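Okay, start_3.cif now, which holds mmCIF, C-alpha atoms and all ligand atoms:
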data_model
#
loop_
_atom_site.label_atom_id
_atom_site.label_comp_id
_atom_site.auth_asym_id
_atom_site.auth_seq_id
_atom_site.Cartn_x
_atom_site.Cartn_y
_atom_site.Cartn_z
CA MET D 60 0.09 62.98 42.47
CA ARG D 61 -0.04 59.53 40.92
CA THR D 62 -3.41 58.00 40.28
CA ILE D 63 -3.05 54.34 40.88
CA THR D 64 -5.67 51.99 42.14
CA LEU D 65 -4.04 48.81 43.16
CA PRO D 66 -6.44 46.09 44.09
CA LYS D 67 -6.66 45.10 47.71
CA VAL D 68 -4.43 42.22 47.19
CA LEU D 69 -1.66 40.83 49.04
CA ALA D 70 -1.56 38.34 51.77
CA LEU D 71 1.71 37.98 53.59
CA ASP D 72 4.32 38.11 50.91
CA PRO D 73 3.66 40.67 48.20
CA ILE D 74 6.90 40.12 46.34
CA ALA D 75 6.21 36.43 45.91
CA ARG D 76 2.68 37.08 44.75
CA PHE D 77 3.71 39.53 42.09
CA ARG D 78 6.64 37.50 40.91
CA CYS D 79 4.11 34.89 39.83
CA PHE D 80 2.86 36.81 36.92
CA VAL D 81 4.78 39.90 36.40
CA ASP D 82 7.68 40.07 34.09
CA PRO D 83 10.22 41.42 33.50
CA PRO D 84 11.60 41.89 36.99
CA ARG D 85 11.96 45.63 36.57
CA PHE D 86 8.21 45.89 36.56
CA VAL D 87 8.09 44.06 39.84
CA ASP D 88 10.76 46.31 41.29
CA SER D 89 8.87 49.41 40.19
CA LEU D 90 5.71 48.19 41.82
CA ILE D 91 7.36 47.05 44.99
CA ALA D 92 9.06 50.43 45.26
CA HIS D 93 5.77 52.20 44.80
CA PRO D 94 4.45 53.68 48.04
CA ASP D 95 0.82 52.85 47.23
CA LEU D 96 1.70 49.21 46.78
CA ARG D 97 3.46 49.04 50.12
CA PHE D 98 0.37 50.63 51.61
CA ALA D 99 -1.88 48.12 49.90
CA ALA D 100 0.23 45.26 51.09
CA ARG D 101 0.39 46.47 54.66
CA ASP D 102 -3.33 47.16 54.89
CA SER D 103 -4.53 44.10 53.09
CA GLN D 104 -7.35 42.36 54.88
CA CYS D 105 -7.05 39.26 52.73
CA PRO D 106 -6.66 36.03 54.60
CA THR D 107 -3.97 33.75 53.24
CA SER D 108 -6.25 31.17 51.70
CA SER D 109 -5.12 29.90 48.35
CA ASP D 110 -8.06 31.56 46.71
CA ASN D 111 -7.01 34.92 47.96
CA VAL D 112 -3.44 34.30 46.98
CA LEU D 113 -4.69 33.85 43.45
CA ARG D 114 -7.02 36.78 43.68
CA GLY D 115 -4.00 38.77 44.74
CA LEU D 116 -2.35 38.16 41.39
CA ARG D 117 -4.77 40.34 39.57
CA ILE D 118 -3.73 43.81 38.58
CA THR D 119 -6.13 45.51 36.26
CA LYS D 120 -4.98 46.91 32.98
CA LYS D 121 -6.31 50.29 34.03
CA SER D 122 -4.39 50.47 37.27
CA ALA D 123 -1.12 49.61 35.59
CA THR D 124 -1.71 51.97 32.71
CA ASN D 125 -2.23 54.75 35.20
CA PHE D 126 0.92 53.75 36.95
CA PHE D 127 3.08 53.59 33.88
CA LYS D 128 1.85 56.91 32.59
CA HIS D 129 4.03 58.28 35.32
CA ASP D 130 6.96 56.05 34.69
CA SER D 131 8.55 57.29 31.48
CA SER D 132 11.35 54.74 31.63
CA TRP D 133 8.73 52.07 31.16
CA SER D 134 7.04 53.45 28.09
CA ALA D 135 9.37 51.77 25.61
CA ARG D 136 8.81 48.37 27.10
CA PRO D 137 6.13 45.90 26.04
CA ASP D 138 2.87 45.89 27.92
CA PRO D 139 3.43 43.43 30.76
CA LEU D 140 -0.24 42.97 31.40
CA GLU D 141 -0.88 40.81 28.42
CA VAL D 142 -0.07 38.15 30.97
CA SER D 143 -2.90 39.11 33.27
CA GLY D 144 -5.20 37.39 30.86
CA SER D 145 -7.93 39.94 30.56
CA MET D 146 -6.83 41.18 27.16
CA SER D 147 -7.29 38.17 24.98
CA ALA D 148 -8.36 39.21 21.50
CA SER D 149 -9.67 35.80 20.65
CA LYS D 150 -12.95 34.76 22.19
CA ALA D 151 -12.76 31.18 20.97
CA CYS D 152 -11.99 28.46 23.45
CA HIS D 153 -8.61 26.80 22.95
CA VAL D 154 -8.99 23.07 23.28
CA VAL D 155 -5.52 21.72 24.00
CA ALA D 156 -4.51 18.08 24.10
CA VAL D 157 -1.37 17.43 26.15
CA VAL D 158 -0.08 14.39 24.33
CA ASN D 159 2.89 12.08 24.16
CA GLN D 160 2.47 8.34 23.92
CA LYS D 161 5.48 7.85 26.19
CA GLY D 162 4.83 7.54 29.89
CA GLY D 163 6.67 9.61 32.46
CA VAL D 164 7.55 12.54 30.20
CA GLY D 165 5.59 15.15 32.18
CA LYS D 166 2.16 15.14 30.52
CA THR D 167 0.17 15.16 33.74
CA THR D 168 2.53 17.60 35.42
CA THR D 169 2.20 19.88 32.41
CA ALA D 170 -1.58 19.54 32.12
CA VAL D 171 -2.20 20.22 35.83
CA ASN D 172 0.27 23.06 36.24
CA LEU D 173 -0.44 24.74 32.93
CA ALA D 174 -4.18 24.56 33.62
CA ALA D 175 -3.69 26.03 37.12
CA SER D 176 -1.44 28.78 35.75
CA LEU D 177 -3.95 29.71 33.03
CA ALA D 178 -6.71 29.77 35.64
CA ALA D 179 -4.62 31.95 37.92
CA ALA D 180 -4.30 34.37 35.00
CA GLU D 181 -8.10 34.62 35.05
CA LYS D 182 -8.65 32.27 32.16
CA ARG D 183 -11.67 30.06 32.68
CA THR D 184 -10.09 26.67 32.35
CA LEU D 185 -11.44 23.15 32.29
CA LEU D 186 -9.01 20.27 32.72
CA ILE D 187 -10.26 16.92 31.49
CA ASP D 188 -8.47 13.89 32.85
CA ILE D 189 -8.68 11.30 30.12
CA ASP D 190 -6.12 8.89 31.54
CA PRO D 191 -7.51 5.91 33.52
CA GLN D 192 -4.60 6.35 35.95
CA GLY D 193 -6.41 9.48 37.15
CA ASN D 194 -3.19 11.24 38.09
CA ALA D 195 -4.45 14.70 37.17
CA THR D 196 -7.50 14.05 39.35
CA SER D 197 -5.53 13.02 42.44
CA GLY D 198 -2.84 15.62 41.70
CA LEU D 199 -5.47 18.32 42.12
CA GLY D 200 -6.58 16.84 45.43
CA ILE D 201 -9.87 15.47 44.06
CA ARG D 202 -10.51 12.18 45.84
CA LYS D 203 -13.16 9.54 45.32
CA GLY D 204 -16.27 10.65 47.14
CA ALA D 205 -15.74 14.24 46.06
CA PHE D 206 -17.29 13.46 42.68
CA GLY D 207 -20.03 11.36 41.17
CA LYS D 208 -19.75 11.24 37.42
CA THR D 209 -16.43 10.96 35.60
CA ILE D 210 -15.14 11.19 32.04
CA TYR D 211 -16.09 7.53 31.68
CA ASP D 212 -19.78 8.46 32.07
CA VAL D 213 -19.30 11.20 29.49
CA MET D 214 -17.63 8.86 27.01
CA ILE D 215 -20.39 6.26 27.24
CA GLY D 216 -23.07 8.94 26.92
CA GLN D 217 -24.40 8.76 30.49
CA ALA D 218 -23.40 12.25 31.59
CA THR D 219 -22.57 15.63 30.12
CA LEU D 220 -19.22 17.28 30.76
CA ALA D 221 -20.99 19.86 32.91
CA GLU D 222 -22.49 17.11 35.07
CA ALA D 223 -19.10 15.48 35.50
CA SER D 224 -17.12 18.63 36.26
CA VAL D 225 -16.03 19.50 39.79
CA ALA D 226 -14.58 22.68 41.27
CA THR D 227 -10.94 22.66 42.37
CA GLU D 228 -9.00 24.65 44.92
CA VAL D 229 -7.90 26.99 42.13
CA ARG D 230 -10.43 29.61 41.19
CA ASN D 231 -11.39 29.46 37.48
CA LEU D 232 -10.22 25.85 37.24
CA THR D 233 -12.69 22.99 37.02
CA LEU D 234 -11.86 19.36 36.50
CA VAL D 235 -13.56 16.43 34.87
CA PRO D 236 -12.11 13.51 36.85
CA ALA D 237 -11.07 10.06 35.68
CA THR D 238 -10.84 6.74 37.45
CA GLN D 239 -9.78 3.27 36.37
CA ASP D 240 -13.33 2.73 35.06
CA LEU D 241 -12.19 4.58 31.99
CA VAL D 242 -10.31 1.50 30.80
CA ALA D 243 -13.71 -0.08 30.18
CA ALA D 244 -14.76 2.73 27.85
CA GLU D 245 -12.25 1.62 25.21
CA ILE D 246 -13.81 -1.84 25.23
CA GLU D 247 -17.43 -0.73 25.48
CA LEU D 248 -17.06 1.67 22.58
CA VAL D 249 -15.38 -0.76 20.25
CA ASP D 250 -18.49 -1.27 18.11
CA ALA D 251 -19.81 2.28 18.30
CA THR D 252 -19.52 4.01 14.95
CA ASP D 253 -19.04 7.38 16.65
CA ARG D 254 -16.38 6.07 19.04
CA ALA D 255 -13.69 8.50 17.90
CA VAL D 256 -15.87 11.61 18.13
CA ARG D 257 -17.53 11.09 21.52
CA LEU D 258 -15.32 13.61 23.28
CA ARG D 259 -15.59 16.15 20.44
CA ASP D 260 -19.37 16.00 20.60
CA ALA D 261 -19.34 16.33 24.39
CA ILE D 262 -17.09 19.40 24.12
CA SER D 263 -19.35 21.02 21.49
CA ALA D 264 -22.40 20.48 23.70
CA TYR D 265 -20.52 21.88 26.71
CA LEU D 266 -19.27 24.97 24.87
CA SER D 267 -22.75 25.75 23.57
CA LYS D 268 -23.76 26.44 27.19
CA ASN D 269 -20.52 27.34 28.98
CA LYS D 270 -17.92 30.00 28.33
CA ASN D 271 -14.36 28.77 28.67
CA ASP D 272 -11.03 30.16 27.55
CA TYR D 273 -9.06 26.93 27.71
CA ILE D 274 -9.92 23.25 27.86
CA LEU D 275 -6.97 20.90 28.43
CA PHE D 276 -6.84 17.12 28.10
CA ASP D 277 -4.38 15.09 30.13
CA CYS D 278 -3.90 12.12 27.81
CA PRO D 279 -2.85 8.55 28.64
CA PRO D 280 0.54 7.18 27.56
CA SER D 281 -0.72 5.50 24.41
CA LEU D 282 -2.15 6.34 21.02
CA GLY D 283 -5.33 4.33 21.64
CA LEU D 284 -8.97 5.33 21.45
CA LEU D 285 -8.83 7.79 24.36
CA THR D 286 -5.93 9.75 22.89
CA LEU D 287 -7.60 9.60 19.49
CA ASN D 288 -10.74 11.16 21.01
CA ALA D 289 -8.59 13.92 22.48
CA LEU D 290 -6.87 14.58 19.14
CA VAL D 291 -10.20 14.69 17.32
CA ALA D 292 -11.68 17.09 19.89
CA ALA D 293 -8.63 19.36 20.18
CA SER D 294 -7.95 22.58 18.34
CA GLU D 295 -4.28 22.25 19.23
CA VAL D 296 -1.67 19.95 20.68
CA ILE D 297 1.11 20.52 23.18
CA VAL D 298 3.76 17.84 23.40
CA PRO D 299 5.76 17.56 26.62
CA LEU D 300 9.17 16.14 25.82
CA GLN D 301 11.89 14.95 28.13
CA CYS D 302 15.26 15.59 26.53
CA GLU D 303 16.61 12.05 26.38
CA TYR D 304 17.99 9.80 23.72
CA TYR D 305 14.80 8.19 22.37
CA ALA D 306 12.65 11.31 22.64
CA LEU D 307 12.65 12.11 18.91
CA GLU D 308 11.82 8.62 17.83
CA GLY D 309 8.51 8.73 19.70
CA LEU D 310 7.83 12.18 18.35
CA THR D 311 7.94 11.02 14.72
CA HIS D 312 5.30 8.40 15.47
CA LEU D 313 3.12 10.92 17.30
CA MET D 314 3.32 13.42 14.45
CA ALA D 315 2.35 10.71 11.96
CA THR D 316 -0.73 9.98 14.08
CA ILE D 317 -1.62 13.68 14.22
CA ASP D 318 -1.20 13.89 10.43
CA ARG D 319 -3.67 11.02 10.03
CA VAL D 320 -6.16 12.75 12.33
CA ARG D 321 -5.70 15.95 10.32
CA ALA D 322 -6.32 14.10 7.07
CA GLY D 323 -9.52 12.63 8.46
CA LEU D 324 -11.57 13.73 11.45
CA ASN D 325 -9.90 17.00 12.46
CA PRO D 326 -8.48 18.97 9.51
CA THR D 327 -7.72 22.08 11.58
CA ILE D 328 -5.70 20.53 14.40
CA ASP D 329 -2.57 22.54 15.07
CA VAL D 330 0.64 21.35 16.71
CA ARG D 331 1.14 24.28 18.99
CA GLY D 332 4.55 23.23 20.17
CA VAL D 333 6.86 21.05 22.16
CA VAL D 334 7.52 21.91 25.79
CA LEU D 335 10.81 20.69 27.17
CA THR D 336 10.27 19.12 30.58
CA MET D 337 12.53 17.95 33.40
CA PHE D 338 15.30 19.89 31.72
CA ASP D 339 18.69 19.64 33.36
CA PRO D 340 21.05 22.27 31.93
CA ARG D 341 24.11 20.38 33.25
CA ASN D 342 23.33 17.46 31.00
CA ASN D 343 24.96 17.79 27.57
CA LEU D 344 22.60 15.30 26.01
CA ALA D 345 19.64 17.46 27.07
CA HIS D 346 21.09 20.39 25.10
CA GLN D 347 21.77 18.21 22.05
CA VAL D 348 18.25 16.78 22.05
CA ALA D 349 16.76 20.25 22.58
CA SER D 350 18.59 21.68 19.58
CA GLU D 351 17.64 18.68 17.44
CA VAL D 352 13.96 19.09 18.40
CA ARG D 353 14.16 22.81 17.60
CA GLY D 354 15.29 21.87 14.10
CA HIS D 355 12.02 20.05 13.47
CA PHE D 356 9.31 21.57 15.67
CA HIS D 357 8.25 24.75 17.33
CA VAL D 358 9.61 24.59 20.87
CA PHE D 359 8.19 26.88 23.55
CA ASP D 360 10.66 29.40 24.97
CA SER D 361 9.54 28.43 28.45
CA ILE D 362 11.52 25.39 29.55
CA ILE D 363 10.41 23.36 32.54
CA PRO D 364 13.41 22.49 34.71
CA ARG D 365 13.77 19.34 36.71
CA ASN D 366 12.42 20.52 40.03
CA ILE D 367 11.66 18.55 43.16
CA ARG D 368 8.69 20.78 44.05
CA LEU D 369 6.88 19.69 40.89
CA SER D 370 7.17 16.07 41.93
CA GLU D 371 6.17 16.76 45.55
CA ALA D 372 3.11 18.91 44.84
CA PRO D 373 0.78 16.09 43.62
CA SER D 374 1.17 14.19 46.90
CA HIS D 375 -0.25 17.29 48.58
CA GLY D 376 -3.07 17.41 46.04
CA LYS D 377 -2.00 20.82 44.80
CA PRO D 378 -0.63 22.34 41.64
CA ALA D 379 2.87 23.72 42.19
CA LEU D 380 1.72 27.31 42.31
CA LEU D 381 -0.28 26.58 45.45
CA TYR D 382 2.43 24.37 46.91
CA ASP D 383 5.48 26.57 46.33
CA VAL D 384 4.83 29.42 43.96
CA GLN D 385 8.44 30.58 44.03
CA SER D 386 9.84 27.23 42.98
CA LYS D 387 11.50 27.07 39.58
CA GLY D 388 8.93 24.49 38.51
CA ALA D 389 5.90 26.65 39.35
CA GLN D 390 7.57 29.61 37.68
CA GLY D 391 8.29 27.52 34.58
CA TYR D 392 4.61 26.70 34.14
CA LEU D 393 3.51 30.26 34.87
CA SER D 394 5.92 31.35 32.16
CA LEU D 395 4.47 28.76 29.74
CA ALA D 396 0.95 30.04 30.49
CA ARG D 397 2.11 33.60 29.80
CA GLU D 398 3.65 32.49 26.53
CA LEU D 399 0.39 30.87 25.40
CA ILE D 400 -1.79 33.78 26.49
CA THR D 401 0.47 36.32 24.82
CA GLN D 402 0.46 34.34 21.56
CA ASP D 403 -3.30 33.89 21.74
CA ALA D 404 -3.85 37.60 22.27
CA SER D 405 -1.79 38.63 19.23
N1 LIG D 501 9.92 19.05 35.84
C1 LIG D 501 9.89 18.02 36.68
N2 LIG D 501 10.81 17.93 37.66
C2 LIG D 501 10.81 16.85 38.51
N3 LIG D 501 9.94 15.85 38.45
C3 LIG D 501 9.00 15.89 37.47
C4 LIG D 501 8.93 16.97 36.56
N4 LIG D 501 7.90 16.74 35.70
C5 LIG D 501 7.37 15.57 36.09
N5 LIG D 501 8.02 15.05 37.14
C6 LIG D 501 7.75 13.77 37.80
O1 LIG D 501 8.01 12.74 36.85
C7 LIG D 501 7.04 11.71 36.95
C8 LIG D 501 6.31 11.57 35.61
O2 LIG D 501 5.62 12.79 35.34
P1 LIG D 501 4.12 12.79 34.80
O3 LIG D 501 3.73 14.21 34.65
O4 LIG D 501 3.26 11.91 35.64
O5 LIG D 501 4.34 12.13 33.38
P2 LIG D 501 3.28 11.46 32.39
O6 LIG D 501 1.94 12.05 32.68
O7 LIG D 501 3.79 11.81 31.02
O8 LIG D 501 3.33 9.99 32.63
C9 LIG D 501 6.11 12.10 38.08
O9 LIG D 501 6.55 11.47 39.25
C10 LIG D 501 6.30 13.62 38.20
O10 LIG D 501 6.06 14.09 39.51
MG MG D 502 0.10 11.10 33.16
#

Please render this file's structure as structure tokens.
Amino acid sequence: MRTITLPKVLALDPIARFRCFVDPPRFVDSLIAHPDLRFAARDSQCPTSSDNVLRGLRITKKSATNFFKHDSSWSARPDPLEVSGSMSASKACHVVAVVNQKGGVGKTTTAVNLAASLAAAEKRTLLIDIDPQGNATSGLGIRKGAFGKTIYDVMIGQATLAEASVATEVRNLTLVPATQDLVAAEIELVDATDRAVRLRDAISAYLSKNKNDYILFDCPPSLGLLTLNALVAASEVIVPLQCEYYALEGLTHLMATIDRVRAGLNPTIDVRGVVLTMFDPRNNLAHQVASEVRGHFHVFDSIIPRNIRLSEAPSHGKPALLYDVQSKGAQGYLSLARELITQDAS
């Protein structure tokens, strides 16, 4: 008799729910074939709210270990549950700036969907919108009226990050919103001697009272004071890159800026990697640029394809995993989150 305690999980479509996080597919197939899982799926009382969909993604380490004890063919395979997020060895919060001074390369799409994917893997995640365009804010369905303070108030010292943070539709994901007011911060701070470290200090104060696994910054398309604050506050940088002709040129400039920040205000900043976005495998140039980038930088294995669902989701105020979890775009970002979590746990 197998001892397996599967959580009371699944809403209407168990296969879709598990496909979100569970890799490789054989693992999914084993679970789907398992009689207890079918039972759990059939008898689930969970309503289909997005929160429960996310709750449904959680399989405990213990339940899977029990399961695989009885599945000898699995034993040689790596532990798939590193991706569930509960096993992180490191307790420190990863503060990740999503940066590229070019506009339209997928920064906001990456920040929103990576943050949502990390949160769905039970990582307590805070997304800070530090772009006056406020696209991460609206992309998560947070409208004016749903919040009081913003990152502007934090930057000018009139609010703490905790006071400015708002809950989102994704469990474990909170957001510090931005509005156009943020443009004024660059001007107002021009004479402040601590203008480059405002965000770093706000993060330190926040982390002294709050436990987070990941904090992400969605940066504006420039290397001005706001991006500088993000680079000074960050422990690491992720660079979304669209594989097009001028992509590398911009990257050299960005890396020079990061080197300057490392030489001055943030000696430990780490360039975590480049994530290829809007990738179209039919485009030869995309492959050429990708291989060129790989020659110079660490490139994440997870590649984000060009996918219409990723561009539609923000107009519904949802990250892609709540809009269409099975889309290639949502899966791309879930895979990127897995890659980060697995690296961080090792
Ligand atoms: N992988 C993708 N597939 C299709 N459209 C995408 C993808 N990534 C981003 N987009 C779209 O491209 C545009 C620019 O992306 P965005 O994330 O806003 O870039 P940035 O923040 O760097 O300016 C947006 O309209 C977005 O919806
Ligand atoms: Mg943006």

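For the choices D:Gln301, D:Ser197, D:Ser405, D:Ser361, the atom-to-atom distance to D:Thr336 is smallest for D:Gln301 when using all atoms listed in the file.
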
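Every residue having at least one atom no farther than 7 Å from ligand MG 502 (chain D) is included below, with all atoms listed in the file taken into account: Gly162, Gly163, Gly165, Lys166, Thr167, Asp190, Asn194, Asp277, Cys278, Pro279 and Pro280 of chain D.
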
Which protein, DNA or RNA residues have an atom within 10 Å of ligand LIG 501 (chain D), counting all atoms listed in the file, as a ChimeraX atom specification? /D:157-172,190,192-195,198,277-280,298-301,335-339,362-374,387-389,391-392

Can you tell me which residues surround D:Arg254 at a distance of at most 9 Å, considering only C-alpha atoms, apart from same-chain residues fewer than 2 positions away, and format the answer as a list in words? Met214, Glu245, Leu248, Val249, Asp250, Ala251, Thr252, Val256, Arg257, Leu258, Leu284 and Asn288 of chain D

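Of note, atom CA of D:Tyr304 and atom CA of D:Arg353 are spaced 14.9 Å apart.
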
Using all atoms listed in the file, what residues lie at most 9 Å away from (-8.0, 16.8, 43.7) (file coordinates), given as a PyMOL selection string? chain D and resi 195-202+205+227-228+234+236+373+376-377

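Note that atom CA of D:Glu295 and atom CA of D:Lys208 are 26.3 Å apart.
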
Find the residues around D:Phe356 up to 10 Å (only C-alpha atoms counted), leave out those fewer than 2 positions away in its own chain, and share them as a PyMOL selection string. chain D and resi 310+330-333+351-354+358-359

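Counting all atoms listed in the file and comparing D:Asn343, D:Gln217, D:Asn271, D:Asn231, the residue that lies closest to D:Ser176 is D:Asn231.
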
Using all atoms listed in the file, pick whichever of D:Gln347, D:Tyr265, D:Lys270, D:Lys182 has the shortest atom-to-atom distance to D:Ala223. D:Tyr265

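If you measure from each of D:Ser350, D:Thr238, D:Thr233, D:Thr327 to D:Lys203 using only C-alpha atoms, the closest one turns out to be D:Thr238.
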
Find the distance between atom CA of D:Ser281 and atom CA of D:Leu186 and write it in Å to one decimal. 18.9 Å

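Distance check against D:Ile262 using all atoms listed in the file: of D:His375, D:Arg397, D:His346, D:His153, the minimum falls on D:His153.
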
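For the set D:Pro378, D:Gly207, D:Gly216, D:Pro191, the residue with the smallest atom-to-atom gap to D:Ala237 is D:Pro191, counting all atoms listed in the file.
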
Residues near D:Phe276, cut-off 8 Å, only C-alpha atoms, skip fewer than 6 positions along chain, as a count of residues only: 10
